[in-house]
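Student: Contents are mmCIF, N, CA and C atoms; file name model_35.cif:
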```cif
data_query
loop_
_atom_site.label_atom_id
_atom_site.label_comp_id
_atom_site.auth_asym_id
_atom_site.auth_seq_id
_atom_site.Cartn_x
_atom_site.Cartn_y
_atom_site.Cartn_z
N MET A 25 17.73 2.00 21.22
CA MET A 25 16.44 1.80 20.56
C MET A 25 16.43 2.62 19.27
N PHE A 26 15.99 2.00 18.20
CA PHE A 26 15.88 2.66 16.91
C PHE A 26 14.41 2.79 16.53
N LYS A 27 14.12 3.78 15.70
CA LYS A 27 12.78 3.97 15.15
C LYS A 27 12.90 4.05 13.64
N ILE A 28 12.03 3.33 12.97
CA ILE A 28 11.92 3.44 11.53
C ILE A 28 10.45 3.68 11.21
N ALA A 29 10.18 4.17 10.02
CA ALA A 29 8.79 4.46 9.65
C ALA A 29 8.57 4.16 8.18
N LYS A 30 7.34 3.81 7.86
CA LYS A 30 6.94 3.58 6.48
C LYS A 30 5.63 4.32 6.26
N GLU A 31 5.50 4.88 5.07
CA GLU A 31 4.33 5.69 4.73
C GLU A 31 3.43 4.94 3.76
N PHE A 32 2.12 5.14 3.94
CA PHE A 32 1.10 4.51 3.11
C PHE A 32 0.03 5.54 2.76
N GLN A 33 -0.82 5.18 1.82
CA GLN A 33 -1.92 6.06 1.44
C GLN A 33 -3.14 5.20 1.14
N PHE A 34 -4.31 5.69 1.53
CA PHE A 34 -5.55 5.01 1.17
C PHE A 34 -6.66 6.05 1.06
N ASP A 35 -7.66 5.71 0.28
CA ASP A 35 -8.82 6.57 0.08
C ASP A 35 -10.03 5.92 0.75
N ALA A 36 -10.82 6.74 1.41
CA ALA A 36 -12.02 6.22 2.07
C ALA A 36 -13.01 7.36 2.29
N CYS A 37 -14.25 6.98 2.56
CA CYS A 37 -15.26 7.99 2.90
C CYS A 37 -15.82 7.67 4.28
N HIS A 38 -16.38 8.69 4.88
CA HIS A 38 -17.01 8.55 6.20
C HIS A 38 -17.90 9.76 6.44
N MET A 39 -18.52 9.76 7.58
CA MET A 39 -19.30 10.90 8.04
C MET A 39 -19.22 10.90 9.56
N LEU A 40 -19.46 12.04 10.14
CA LEU A 40 -19.49 12.14 11.60
C LEU A 40 -20.91 12.55 11.99
N ASP A 41 -21.78 11.56 12.07
CA ASP A 41 -23.18 11.83 12.39
C ASP A 41 -23.28 12.57 13.71
N GLY A 42 -24.02 13.66 13.70
CA GLY A 42 -24.21 14.46 14.90
C GLY A 42 -23.18 15.57 15.09
N HIS A 43 -22.17 15.62 14.24
CA HIS A 43 -21.16 16.68 14.33
C HIS A 43 -21.78 18.00 13.90
N GLN A 44 -21.37 19.09 14.52
CA GLN A 44 -21.95 20.41 14.23
C GLN A 44 -21.31 21.11 13.03
N GLY A 45 -20.35 20.49 12.37
CA GLY A 45 -19.71 21.10 11.20
C GLY A 45 -20.05 20.34 9.94
N LYS A 46 -19.36 20.69 8.85
CA LYS A 46 -19.67 20.09 7.55
C LYS A 46 -19.30 18.60 7.46
N CYS A 47 -18.49 18.10 8.39
CA CYS A 47 -18.14 16.68 8.40
C CYS A 47 -19.31 15.80 8.82
N HIS A 48 -20.43 16.42 9.15
CA HIS A 48 -21.68 15.70 9.41
C HIS A 48 -22.13 14.98 8.14
N ASN A 49 -21.78 15.54 6.99
CA ASN A 49 -22.15 14.97 5.69
C ASN A 49 -21.15 13.90 5.25
N LEU A 50 -21.63 13.00 4.43
CA LEU A 50 -20.76 11.98 3.85
C LEU A 50 -19.72 12.66 2.97
N HIS A 51 -18.46 12.31 3.18
CA HIS A 51 -17.36 12.91 2.41
C HIS A 51 -16.18 11.96 2.42
N GLY A 52 -15.18 12.25 1.59
CA GLY A 52 -14.04 11.36 1.48
C GLY A 52 -12.71 12.06 1.71
N HIS A 53 -11.69 11.25 1.95
CA HIS A 53 -10.33 11.73 2.17
C HIS A 53 -9.34 10.81 1.46
N THR A 54 -8.22 11.37 1.09
CA THR A 54 -7.05 10.59 0.75
C THR A 54 -6.17 10.64 1.98
N TYR A 55 -6.20 9.56 2.75
CA TYR A 55 -5.45 9.50 4.00
C TYR A 55 -3.99 9.17 3.73
N ARG A 56 -3.13 9.79 4.50
CA ARG A 56 -1.69 9.48 4.47
C ARG A 56 -1.35 8.91 5.84
N LEU A 57 -0.87 7.69 5.86
CA LEU A 57 -0.60 6.97 7.10
C LEU A 57 0.90 6.74 7.24
N ILE A 58 1.44 7.12 8.39
CA ILE A 58 2.84 6.83 8.69
C ILE A 58 2.87 5.94 9.91
N VAL A 59 3.48 4.77 9.75
CA VAL A 59 3.59 3.80 10.83
C VAL A 59 5.04 3.80 11.29
N GLU A 60 5.23 4.12 12.57
CA GLU A 60 6.56 4.12 13.16
C GLU A 60 6.72 2.86 14.01
N VAL A 61 7.86 2.21 13.83
CA VAL A 61 8.18 0.98 14.54
C VAL A 61 9.46 1.22 15.33
N SER A 62 9.50 0.77 16.60
CA SER A 62 10.67 0.94 17.45
C SER A 62 11.12 -0.40 18.00
N SER A 63 12.43 -0.61 17.95
CA SER A 63 12.97 -1.87 18.45
C SER A 63 14.48 -1.78 18.47
N PRO A 64 15.12 -2.59 19.29
CA PRO A 64 16.57 -2.73 19.14
C PRO A 64 16.87 -3.37 17.78
N LEU A 65 18.09 -3.27 17.32
CA LEU A 65 18.47 -3.89 16.06
C LEU A 65 18.47 -5.41 16.19
N GLN A 66 18.13 -6.08 15.10
CA GLN A 66 18.14 -7.53 15.08
C GLN A 66 19.59 -8.01 15.20
N PRO A 67 19.87 -8.97 16.08
CA PRO A 67 21.26 -9.39 16.30
C PRO A 67 21.79 -10.36 15.25
N GLN A 68 20.89 -11.00 14.50
CA GLN A 68 21.35 -12.01 13.53
C GLN A 68 20.31 -12.21 12.45
N GLY A 69 20.61 -13.07 11.52
CA GLY A 69 19.69 -13.41 10.45
C GLY A 69 19.76 -12.42 9.29
N SER A 70 18.85 -12.55 8.36
CA SER A 70 18.88 -11.71 7.16
C SER A 70 18.57 -10.25 7.46
N SER A 71 17.94 -9.99 8.61
CA SER A 71 17.65 -8.61 9.01
C SER A 71 18.63 -8.11 10.07
N LYS A 72 19.80 -8.74 10.12
CA LYS A 72 20.82 -8.34 11.09
C LYS A 72 21.11 -6.84 10.96
N GLU A 73 21.20 -6.18 12.10
CA GLU A 73 21.47 -4.74 12.20
C GLU A 73 20.37 -3.88 11.58
N MET A 74 19.17 -4.41 11.54
CA MET A 74 17.97 -3.67 11.12
C MET A 74 16.96 -3.74 12.26
N VAL A 75 16.08 -2.74 12.35
CA VAL A 75 14.92 -2.86 13.23
C VAL A 75 14.02 -3.94 12.64
N MET A 76 13.77 -3.79 11.36
CA MET A 76 12.89 -4.71 10.64
C MET A 76 13.02 -4.40 9.16
N ASP A 77 12.79 -5.37 8.32
CA ASP A 77 12.83 -5.14 6.88
C ASP A 77 11.60 -4.32 6.48
N PHE A 78 11.81 -3.23 5.74
CA PHE A 78 10.69 -2.39 5.30
C PHE A 78 9.67 -3.18 4.49
N ALA A 79 10.13 -4.18 3.74
CA ALA A 79 9.21 -5.01 2.95
C ALA A 79 8.25 -5.78 3.85
N ASP A 80 8.75 -6.23 5.00
CA ASP A 80 7.88 -6.95 5.95
C ASP A 80 6.84 -6.00 6.55
N ILE A 81 7.26 -4.78 6.86
CA ILE A 81 6.32 -3.79 7.38
C ILE A 81 5.23 -3.53 6.33
N LYS A 82 5.64 -3.34 5.10
CA LYS A 82 4.69 -3.08 4.01
C LYS A 82 3.67 -4.21 3.88
N THR A 83 4.14 -5.44 3.92
CA THR A 83 3.25 -6.60 3.81
C THR A 83 2.23 -6.61 4.93
N ILE A 84 2.69 -6.39 6.16
CA ILE A 84 1.80 -6.43 7.33
C ILE A 84 0.76 -5.31 7.26
N ILE A 85 1.19 -4.10 6.94
CA ILE A 85 0.26 -2.96 6.89
C ILE A 85 -0.76 -3.15 5.77
N ASN A 86 -0.28 -3.58 4.61
CA ASN A 86 -1.21 -3.79 3.50
C ASN A 86 -2.24 -4.86 3.83
N GLN A 87 -1.81 -5.93 4.47
CA GLN A 87 -2.72 -7.03 4.79
C GLN A 87 -3.73 -6.66 5.87
N HIS A 88 -3.28 -6.01 6.93
CA HIS A 88 -4.13 -5.80 8.09
C HIS A 88 -4.82 -4.43 8.15
N ILE A 89 -4.37 -3.47 7.35
CA ILE A 89 -4.97 -2.13 7.41
C ILE A 89 -5.44 -1.67 6.03
N ILE A 90 -4.50 -1.48 5.11
CA ILE A 90 -4.83 -0.86 3.82
C ILE A 90 -5.87 -1.67 3.05
N SER A 91 -5.71 -2.97 2.97
CA SER A 91 -6.66 -3.79 2.19
C SER A 91 -8.09 -3.68 2.75
N GLN A 92 -8.21 -3.43 4.04
CA GLN A 92 -9.53 -3.33 4.65
C GLN A 92 -10.15 -1.94 4.51
N LEU A 93 -9.31 -0.90 4.58
CA LEU A 93 -9.83 0.47 4.61
C LEU A 93 -9.89 1.16 3.25
N ASP A 94 -9.01 0.78 2.33
CA ASP A 94 -8.92 1.51 1.06
C ASP A 94 -10.21 1.38 0.25
N HIS A 95 -10.73 2.51 -0.17
CA HIS A 95 -11.95 2.63 -0.96
C HIS A 95 -13.16 2.00 -0.25
N ALA A 96 -13.23 2.20 1.04
CA ALA A 96 -14.35 1.69 1.83
C ALA A 96 -15.10 2.85 2.49
N TYR A 97 -16.32 2.56 2.86
CA TYR A 97 -17.09 3.47 3.73
C TYR A 97 -16.72 3.08 5.15
N LEU A 98 -16.10 3.99 5.87
CA LEU A 98 -15.69 3.76 7.26
C LEU A 98 -16.81 4.28 8.16
N TYR A 99 -17.29 3.44 9.07
CA TYR A 99 -18.42 3.89 9.88
C TYR A 99 -18.28 3.45 11.34
N ASP A 100 -18.96 4.18 12.17
CA ASP A 100 -19.02 3.91 13.61
C ASP A 100 -20.13 2.89 13.84
N GLU A 101 -19.76 1.68 14.24
CA GLU A 101 -20.75 0.62 14.41
C GLU A 101 -21.70 0.87 15.58
N THR A 102 -21.40 1.87 16.40
CA THR A 102 -22.30 2.20 17.52
C THR A 102 -23.32 3.28 17.14
N ASN A 103 -23.24 3.81 15.93
CA ASN A 103 -24.13 4.89 15.49
C ASN A 103 -25.20 4.33 14.56
N ASN A 104 -26.45 4.51 14.93
CA ASN A 104 -27.56 3.94 14.17
C ASN A 104 -27.61 4.44 12.72
N ASN A 105 -27.48 5.74 12.50
CA ASN A 105 -27.55 6.28 11.14
C ASN A 105 -26.41 5.78 10.27
N GLU A 106 -25.21 5.73 10.82
CA GLU A 106 -24.06 5.25 10.05
C GLU A 106 -24.19 3.76 9.74
N ARG A 107 -24.76 3.00 10.68
CA ARG A 107 -25.02 1.57 10.44
C ARG A 107 -26.03 1.37 9.31
N LYS A 108 -27.05 2.23 9.25
CA LYS A 108 -28.06 2.13 8.19
C LYS A 108 -27.43 2.33 6.81
N ILE A 109 -26.56 3.31 6.71
CA ILE A 109 -25.87 3.56 5.43
C ILE A 109 -25.00 2.36 5.08
N ALA A 110 -24.29 1.82 6.07
CA ALA A 110 -23.44 0.65 5.83
C ALA A 110 -24.28 -0.54 5.35
N ALA A 111 -25.45 -0.74 5.95
CA ALA A 111 -26.31 -1.85 5.56
C ALA A 111 -26.75 -1.71 4.10
N LEU A 112 -27.12 -0.49 3.71
CA LEU A 112 -27.52 -0.25 2.32
C LEU A 112 -26.35 -0.52 1.37
N LEU A 113 -25.18 -0.03 1.73
CA LEU A 113 -24.00 -0.25 0.89
C LEU A 113 -23.66 -1.74 0.78
N LYS A 114 -23.80 -2.46 1.88
CA LYS A 114 -23.54 -3.91 1.85
C LYS A 114 -24.52 -4.60 0.90
N GLN A 115 -25.81 -4.19 0.94
CA GLN A 115 -26.80 -4.76 0.03
C GLN A 115 -26.41 -4.54 -1.42
N MET A 116 -25.74 -3.43 -1.67
CA MET A 116 -25.30 -3.08 -3.03
C MET A 116 -23.91 -3.66 -3.33
N GLN A 117 -23.43 -4.51 -2.42
CA GLN A 117 -22.12 -5.16 -2.54
C GLN A 117 -20.98 -4.16 -2.64
N ARG A 118 -21.06 -3.12 -1.79
CA ARG A 118 -20.00 -2.12 -1.70
C ARG A 118 -19.16 -2.40 -0.46
N LYS A 119 -17.96 -1.88 -0.47
CA LYS A 119 -17.00 -2.13 0.62
C LYS A 119 -17.27 -1.19 1.79
N VAL A 120 -17.39 -1.78 2.97
CA VAL A 120 -17.58 -1.01 4.20
C VAL A 120 -16.63 -1.58 5.26
N PHE A 121 -16.33 -0.75 6.25
CA PHE A 121 -15.52 -1.22 7.38
C PHE A 121 -16.03 -0.57 8.65
N ALA A 122 -16.35 -1.40 9.63
CA ALA A 122 -16.90 -0.93 10.91
C ALA A 122 -15.79 -0.64 11.92
N PHE A 123 -15.88 0.51 12.56
CA PHE A 123 -15.00 0.88 13.66
C PHE A 123 -15.80 0.82 14.96
N PRO A 124 -15.13 0.53 16.07
CA PRO A 124 -15.82 0.50 17.36
C PRO A 124 -15.94 1.90 17.98
N CYS A 125 -15.68 2.92 17.17
CA CYS A 125 -15.65 4.30 17.65
C CYS A 125 -16.01 5.23 16.49
N ARG A 126 -16.09 6.51 16.78
CA ARG A 126 -16.29 7.50 15.72
C ARG A 126 -15.10 7.49 14.78
N THR A 127 -15.35 7.74 13.52
CA THR A 127 -14.28 7.68 12.52
C THR A 127 -13.57 9.03 12.37
N THR A 128 -13.21 9.61 13.49
CA THR A 128 -12.38 10.81 13.50
C THR A 128 -10.94 10.38 13.21
N ALA A 129 -10.10 11.34 12.90
CA ALA A 129 -8.67 11.03 12.73
C ALA A 129 -8.12 10.40 14.01
N GLU A 130 -8.60 10.90 15.15
CA GLU A 130 -8.15 10.37 16.44
C GLU A 130 -8.58 8.91 16.63
N GLY A 131 -9.84 8.64 16.35
CA GLY A 131 -10.35 7.28 16.52
C GLY A 131 -9.70 6.29 15.57
N ILE A 132 -9.53 6.70 14.31
CA ILE A 132 -8.90 5.81 13.33
C ILE A 132 -7.44 5.56 13.70
N SER A 133 -6.73 6.59 14.14
CA SER A 133 -5.33 6.44 14.52
C SER A 133 -5.17 5.44 15.67
N ARG A 134 -5.99 5.60 16.69
CA ARG A 134 -5.90 4.69 17.84
C ARG A 134 -6.25 3.26 17.43
N PHE A 135 -7.27 3.12 16.59
CA PHE A 135 -7.67 1.80 16.11
C PHE A 135 -6.53 1.12 15.36
N ILE A 136 -5.91 1.85 14.43
CA ILE A 136 -4.80 1.29 13.65
C ILE A 136 -3.66 0.88 14.57
N PHE A 137 -3.31 1.74 15.51
CA PHE A 137 -2.24 1.43 16.46
C PHE A 137 -2.55 0.12 17.18
N ASN A 138 -3.75 0.03 17.73
CA ASN A 138 -4.14 -1.16 18.49
C ASN A 138 -4.17 -2.42 17.63
N GLN A 139 -4.61 -2.30 16.39
CA GLN A 139 -4.63 -3.46 15.49
C GLN A 139 -3.21 -3.95 15.20
N LEU A 140 -2.30 -3.02 15.00
CA LEU A 140 -0.95 -3.38 14.58
C LEU A 140 -0.07 -3.92 15.70
N THR A 141 -0.42 -3.64 16.95
CA THR A 141 0.43 -4.10 18.05
C THR A 141 0.55 -5.63 18.10
N ALA A 142 -0.38 -6.33 17.51
CA ALA A 142 -0.30 -7.79 17.46
C ALA A 142 0.74 -8.28 16.45
N TYR A 143 1.16 -7.39 15.53
CA TYR A 143 2.04 -7.81 14.44
C TYR A 143 3.38 -7.08 14.40
N LEU A 144 3.41 -5.89 14.99
CA LEU A 144 4.61 -5.04 14.88
C LEU A 144 4.89 -4.36 16.22
N PRO A 145 6.16 -4.01 16.47
CA PRO A 145 6.46 -3.19 17.65
C PRO A 145 6.20 -1.71 17.32
N VAL A 146 4.93 -1.42 17.01
CA VAL A 146 4.54 -0.07 16.60
C VAL A 146 4.70 0.90 17.77
N SER A 147 5.28 2.06 17.50
CA SER A 147 5.47 3.06 18.55
C SER A 147 4.64 4.32 18.32
N LYS A 148 4.28 4.58 17.06
CA LYS A 148 3.47 5.77 16.79
C LYS A 148 2.76 5.63 15.45
N ILE A 149 1.56 6.17 15.41
CA ILE A 149 0.79 6.27 14.17
C ILE A 149 0.57 7.74 13.90
N THR A 150 0.85 8.15 12.67
CA THR A 150 0.52 9.51 12.23
C THR A 150 -0.44 9.36 11.06
N LEU A 151 -1.60 9.95 11.18
CA LEU A 151 -2.62 9.85 10.14
C LEU A 151 -2.99 11.24 9.66
N TRP A 152 -2.68 11.52 8.40
CA TRP A 152 -3.03 12.79 7.76
C TRP A 152 -4.40 12.60 7.11
N GLU A 153 -5.36 13.42 7.52
CA GLU A 153 -6.70 13.38 6.94
C GLU A 153 -6.78 14.29 5.71
N THR A 154 -6.04 15.37 5.76
CA THR A 154 -5.93 16.29 4.63
C THR A 154 -4.45 16.69 4.55
N PRO A 155 -4.04 17.40 3.50
CA PRO A 155 -2.64 17.82 3.42
C PRO A 155 -2.20 18.73 4.57
N THR A 156 -3.16 19.32 5.30
CA THR A 156 -2.80 20.25 6.38
C THR A 156 -3.28 19.82 7.76
N SER A 157 -3.87 18.63 7.87
CA SER A 157 -4.46 18.20 9.15
C SER A 157 -4.10 16.75 9.45
N TYR A 158 -3.50 16.53 10.62
CA TYR A 158 -3.14 15.17 10.98
C TYR A 158 -3.31 14.92 12.47
N CYS A 159 -3.26 13.64 12.83
CA CYS A 159 -3.32 13.20 14.22
C CYS A 159 -2.17 12.23 14.45
N GLU A 160 -1.56 12.33 15.62
CA GLU A 160 -0.56 11.35 16.04
C GLU A 160 -1.10 10.59 17.23
N TYR A 161 -0.86 9.29 17.24
CA TYR A 161 -1.25 8.49 18.40
C TYR A 161 -0.09 7.59 18.78
N GLN A 162 0.26 7.62 20.04
CA GLN A 162 1.23 6.68 20.59
C GLN A 162 0.77 6.32 21.99
N ASN A 163 0.95 5.09 22.33
CA ASN A 163 0.56 4.62 23.65
C ASN A 163 1.72 4.90 24.59
N THR A 164 1.49 5.75 25.55
CA THR A 164 2.56 6.14 26.45
C THR A 164 2.45 5.45 27.81
N ARG A 165 1.65 4.39 27.86
CA ARG A 165 1.54 3.65 29.12
C ARG A 165 2.89 3.08 29.51
N ILE A 166 3.20 3.19 30.75
CA ILE A 166 4.43 2.61 31.28
C ILE A 166 4.16 1.13 31.55
N PRO A 167 5.02 0.25 31.05
CA PRO A 167 4.81 -1.18 31.31
C PRO A 167 4.71 -1.46 32.80
N ASN A 168 3.98 -2.51 33.14
CA ASN A 168 3.84 -2.88 34.55
C ASN A 168 5.19 -3.24 35.15
N HIS A 169 5.46 -2.67 36.29
CA HIS A 169 6.68 -2.97 37.03
C HIS A 169 6.31 -3.41 38.43
N ASP A 170 7.13 -4.25 38.99
CA ASP A 170 6.92 -4.64 40.38
C ASP A 170 7.22 -3.45 41.27
N PRO A 171 6.44 -3.26 42.32
CA PRO A 171 6.73 -2.14 43.24
C PRO A 171 8.12 -2.31 43.85
N VAL A 172 8.78 -1.20 44.05
CA VAL A 172 10.13 -1.22 44.63
C VAL A 172 10.06 -1.38 46.12
#
```
Represent the structure from my file as structure tokens, please.
Tutor:
Amino acid sequence: MFKIAKEFQFDACHMLDGHQGKCHNLHGHTYRLIVEVSSPLQPQGSSKEMVMDFADIKTIINQHIISQLDHAYLYDETNNNERKIAALLKQMQRKVFAFPCRTTAEGISRFIFNQLTAYLPVSKITLWETPTSYCEYQNTRIPNHDPV
């Protein structure tokens, strides 16, 4: 099994309504995203002896993640105050993106991982919220096996 990774960057703002620290306020980050993909090498074709072409990874990530999140207000669709801000921004024709969870580094990492599993054999997401703070998410569930 081989692992390869590609790095991306996007800018976005969010808030953590109800948080007891300064992240309670609306603020922004330049996120650094590393997507790790794991797979055996391709046995044939133009990607022979590769896990995957880096250009294909770039296309998929840009289409399904970066284009949606970059320069957007990221909000928790279950939070009333964050939804109100999103509604106002939508009225002003600004870019917003709803998450089904709090927009913590942990929540965003898990969301990205889950979104990408439909398109890539993603094995780990690393999301840097600041130059000194990051979250890693990997699904460590053991595939279903028949009982022995």
Student: Determine, counting only N, CA and C atoms, which protein, DNA and RNA residues have an atom within 6 Å of an atom of Phe26 of chain A; residues of the same chain fewer than 3 positions away are not included. Present the result as a PyMOL selection string.
Tutor: chain A and resi 61-65
Student: Where does segment 52-111 of chain A meet segment 126-135 of chain A within 6.5 Å, residue by residue, with the nearest atom pair and distance in Å to one decimal for each, counting all atoms listed in the file, listed by chain and rising number, as a Markdown table?
Tutor:
```
| residue | atom | partner | partner_atom | distance |
| --- | --- | --- | --- | --- |
| A:Leu98 | C | A:Thr127 | CA | 6.1 |
| A:Tyr99 | C | A:Thr127 | N | 5.6 |
| A:Asp100 | CA | A:Arg126 | CA | 5.0 |
```
Student: Run the PyMOL selection byres ((chain A and resi 93) around 8) mentally over the shown coordinates, then write out the matched residues as a PyMOL selection string, using the chain letters and numbers from the document.
Tutor: chain A and resi 34-37+88-92+94-98+119-121
Student: Between atom C of Gln33 of chain A and atom N of Tyr161 of chain A, what distance in Å does the model show, to one decimal?
Tutor: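 So the two atoms, atom C of Gln33 of chain A and atom N of Tyr161 of chain A, lie 16.8 Å apart.
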Student: What are the centre and the three edge lengths of an axis-aligned box that wraps all atoms of segment 46-54 of chain A in the file, given that 4 Å is added to every side, written as JSON and rounded to one decimal in Å?
Tutor:
```
{"center_x": -14.2, "center_y": 15.6, "center_z": 5.1, "size_x": 24.0, "size_y": 18.1, "size_z": 16.7}
```
Student: Applying 9 Å and only C-alpha atoms, which residues near Glu31 of chain A remain after dropping the ones on its own chain fewer than 4 positions away? List them as a PyMOL selection string.
Tutor: chain A and resi 56-60+82
Student: I'd like the interatomic distance between atom CA of Thr102 of chain A and atom N of Val146 of chain A, to a tenth of an Å.
Tutor: 27.5 Å
Student: Taking all atoms listed in the file into account, which of A:Cys125, A:Cys47, A:Ile28, A:Ile149 comes nearest Asn163 of chain A?
Tutor: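 Counting all atoms listed in the file, the residue closest to Asn163 of chain A is A:Ile149.
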Student: Would you compute the distance between atom CA of Ala79 of chain A and atom CA of Gln162 of chain A? Give it in Å to one decimal.
Tutor: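 Between atom CA of Ala79 of chain A and atom CA of Gln162 of chain A the gap is 22.6 Å.
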Student: Hey, what's within 8 Å of Ile81 of chain A if we count only C-alpha atoms and toss same-chain stuff fewer than 4 positions away? As a list in words, please?
Tutor: Lys30, Met76, Asp77, Ile85 and Leu144 of chain A
Student: DSSP on the backbone: what in segment 27-169 of chain A comes out alpha helix (DSSP H), as a PyMOL selection string?
Tutor: chain A and resi 78-85+91-93+104-115+129-140
Student: Export, as a compact mmCIF listing (two decimals), keeping the file's coordinate frame, the selected residues with N, CA and C atoms.
Tutor:
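Output file result11.txt follows:
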```
# COMPACT_ATOMS: atom_id res chain seq x y z
N PHE A 78 11.81 -3.23 5.74
CA PHE A 78 10.69 -2.39 5.30
C PHE A 78 9.67 -3.18 4.49
N ALA A 79 10.13 -4.18 3.74
CA ALA A 79 9.21 -5.01 2.95
C ALA A 79 8.25 -5.78 3.85
N ASP A 80 8.75 -6.23 5.00
CA ASP A 80 7.88 -6.95 5.95
C ASP A 80 6.84 -6.00 6.55
N ILE A 81 7.26 -4.78 6.86
CA ILE A 81 6.32 -3.79 7.38
C ILE A 81 5.23 -3.53 6.33
N LYS A 82 5.64 -3.34 5.10
CA LYS A 82 4.69 -3.08 4.01
C LYS A 82 3.67 -4.21 3.88
N THR A 83 4.14 -5.44 3.92
CA THR A 83 3.25 -6.60 3.81
C THR A 83 2.23 -6.61 4.93
N ILE A 84 2.69 -6.39 6.16
CA ILE A 84 1.80 -6.43 7.33
C ILE A 84 0.76 -5.31 7.26
N ILE A 85 1.19 -4.10 6.94
CA ILE A 85 0.26 -2.96 6.89
C ILE A 85 -0.76 -3.15 5.77
N SER A 91 -5.71 -2.97 2.97
CA SER A 91 -6.66 -3.79 2.19
C SER A 91 -8.09 -3.68 2.75
N GLN A 92 -8.21 -3.43 4.04
CA GLN A 92 -9.53 -3.33 4.65
C GLN A 92 -10.15 -1.94 4.51
N LEU A 93 -9.31 -0.90 4.58
CA LEU A 93 -9.83 0.47 4.61
C LEU A 93 -9.89 1.16 3.25
N ASN A 104 -26.45 4.51 14.93
CA ASN A 104 -27.56 3.94 14.17
C ASN A 104 -27.61 4.44 12.72
N ASN A 105 -27.48 5.74 12.50
CA ASN A 105 -27.55 6.28 11.14
C ASN A 105 -26.41 5.78 10.27
N GLU A 106 -25.21 5.73 10.82
CA GLU A 106 -24.06 5.25 10.05
C GLU A 106 -24.19 3.76 9.74
N ARG A 107 -24.76 3.00 10.68
CA ARG A 107 -25.02 1.57 10.44
C ARG A 107 -26.03 1.37 9.31
N LYS A 108 -27.05 2.23 9.25
CA LYS A 108 -28.06 2.13 8.19
C LYS A 108 -27.43 2.33 6.81
N ILE A 109 -26.56 3.31 6.71
CA ILE A 109 -25.87 3.56 5.43
C ILE A 109 -25.00 2.36 5.08
N ALA A 110 -24.29 1.82 6.07
CA ALA A 110 -23.44 0.65 5.83
C ALA A 110 -24.28 -0.54 5.35
N ALA A 111 -25.45 -0.74 5.95
CA ALA A 111 -26.31 -1.85 5.56
C ALA A 111 -26.75 -1.71 4.10
N LEU A 112 -27.12 -0.49 3.71
CA LEU A 112 -27.52 -0.25 2.32
C LEU A 112 -26.35 -0.52 1.37
N LEU A 113 -25.18 -0.03 1.73
CA LEU A 113 -24.00 -0.25 0.89
C LEU A 113 -23.66 -1.74 0.78
N LYS A 114 -23.80 -2.46 1.88
CA LYS A 114 -23.54 -3.91 1.85
C LYS A 114 -24.52 -4.60 0.90
N GLN A 115 -25.81 -4.19 0.94
CA GLN A 115 -26.80 -4.76 0.03
C GLN A 115 -26.41 -4.54 -1.42
N ALA A 129 -10.10 11.34 12.90
CA ALA A 129 -8.67 11.03 12.73
C ALA A 129 -8.12 10.40 14.01
N GLU A 130 -8.60 10.90 15.15
CA GLU A 130 -8.15 10.37 16.44
C GLU A 130 -8.58 8.91 16.63
N GLY A 131 -9.84 8.64 16.35
CA GLY A 131 -10.35 7.28 16.52
C GLY A 131 -9.70 6.29 15.57
N ILE A 132 -9.53 6.70 14.31
CA ILE A 132 -8.90 5.81 13.33
C ILE A 132 -7.44 5.56 13.70
N SER A 133 -6.73 6.59 14.14
CA SER A 133 -5.33 6.44 14.52
C SER A 133 -5.17 5.44 15.67
N ARG A 134 -5.99 5.60 16.69
CA ARG A 134 -5.90 4.69 17.84
C ARG A 134 -6.25 3.26 17.43
N PHE A 135 -7.27 3.12 16.59
CA PHE A 135 -7.67 1.80 16.11
C PHE A 135 -6.53 1.12 15.36
N ILE A 136 -5.91 1.85 14.43
CA ILE A 136 -4.80 1.29 13.65
C ILE A 136 -3.66 0.88 14.57
N PHE A 137 -3.31 1.74 15.51
CA PHE A 137 -2.24 1.43 16.46
C PHE A 137 -2.55 0.12 17.18
N ASN A 138 -3.75 0.03 17.73
CA ASN A 138 -4.14 -1.16 18.49
C ASN A 138 -4.17 -2.42 17.63
N GLN A 139 -4.61 -2.30 16.39
CA GLN A 139 -4.63 -3.46 15.49
C GLN A 139 -3.21 -3.95 15.20
N LEU A 140 -2.30 -3.02 15.00
CA LEU A 140 -0.95 -3.38 14.58
C LEU A 140 -0.07 -3.92 15.70
```
Student: Measuring atom to atom with only C-alpha atoms, identify which of A:Asp41, A:Glu153, A:Glu160, A:Asp80 is nearest to Arg107 of chain A.
Tutor: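 Ranked by minimum distance to Arg107 of chain A, first place goes to A:Asp41.
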Student: How about completing segment 103-107 of chain A with N, CA, C and O atoms and giving it to me as a short mmCIF file (atom, residue, chain, number, x, y, z; two decimals), in the frame of the given file?
Tutor:
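What follows is the written file selection-v1.cif:
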```
data_model
loop_
_atom_site.label_atom_id
_atom_site.label_comp_id
_atom_site.auth_asym_id
_atom_site.auth_seq_id
_atom_site.Cartn_x
_atom_site.Cartn_y
_atom_site.Cartn_z
N ASN A 103 -23.24 3.81 15.93
CA ASN A 103 -24.13 4.89 15.49
C ASN A 103 -25.20 4.33 14.56
O ASN A 103 -24.88 3.76 13.51
N ASN A 104 -26.45 4.51 14.93
CA ASN A 104 -27.56 3.94 14.17
C ASN A 104 -27.61 4.44 12.72
O ASN A 104 -27.79 3.65 11.80
N ASN A 105 -27.48 5.74 12.50
CA ASN A 105 -27.55 6.28 11.14
C ASN A 105 -26.41 5.78 10.27
O ASN A 105 -26.60 5.43 9.10
N GLU A 106 -25.21 5.73 10.82
CA GLU A 106 -24.06 5.25 10.05
C GLU A 106 -24.19 3.76 9.74
O GLU A 106 -23.81 3.31 8.67
N ARG A 107 -24.76 3.00 10.68
CA ARG A 107 -25.02 1.57 10.44
C ARG A 107 -26.03 1.37 9.31
O ARG A 107 -25.90 0.44 8.51
#
```
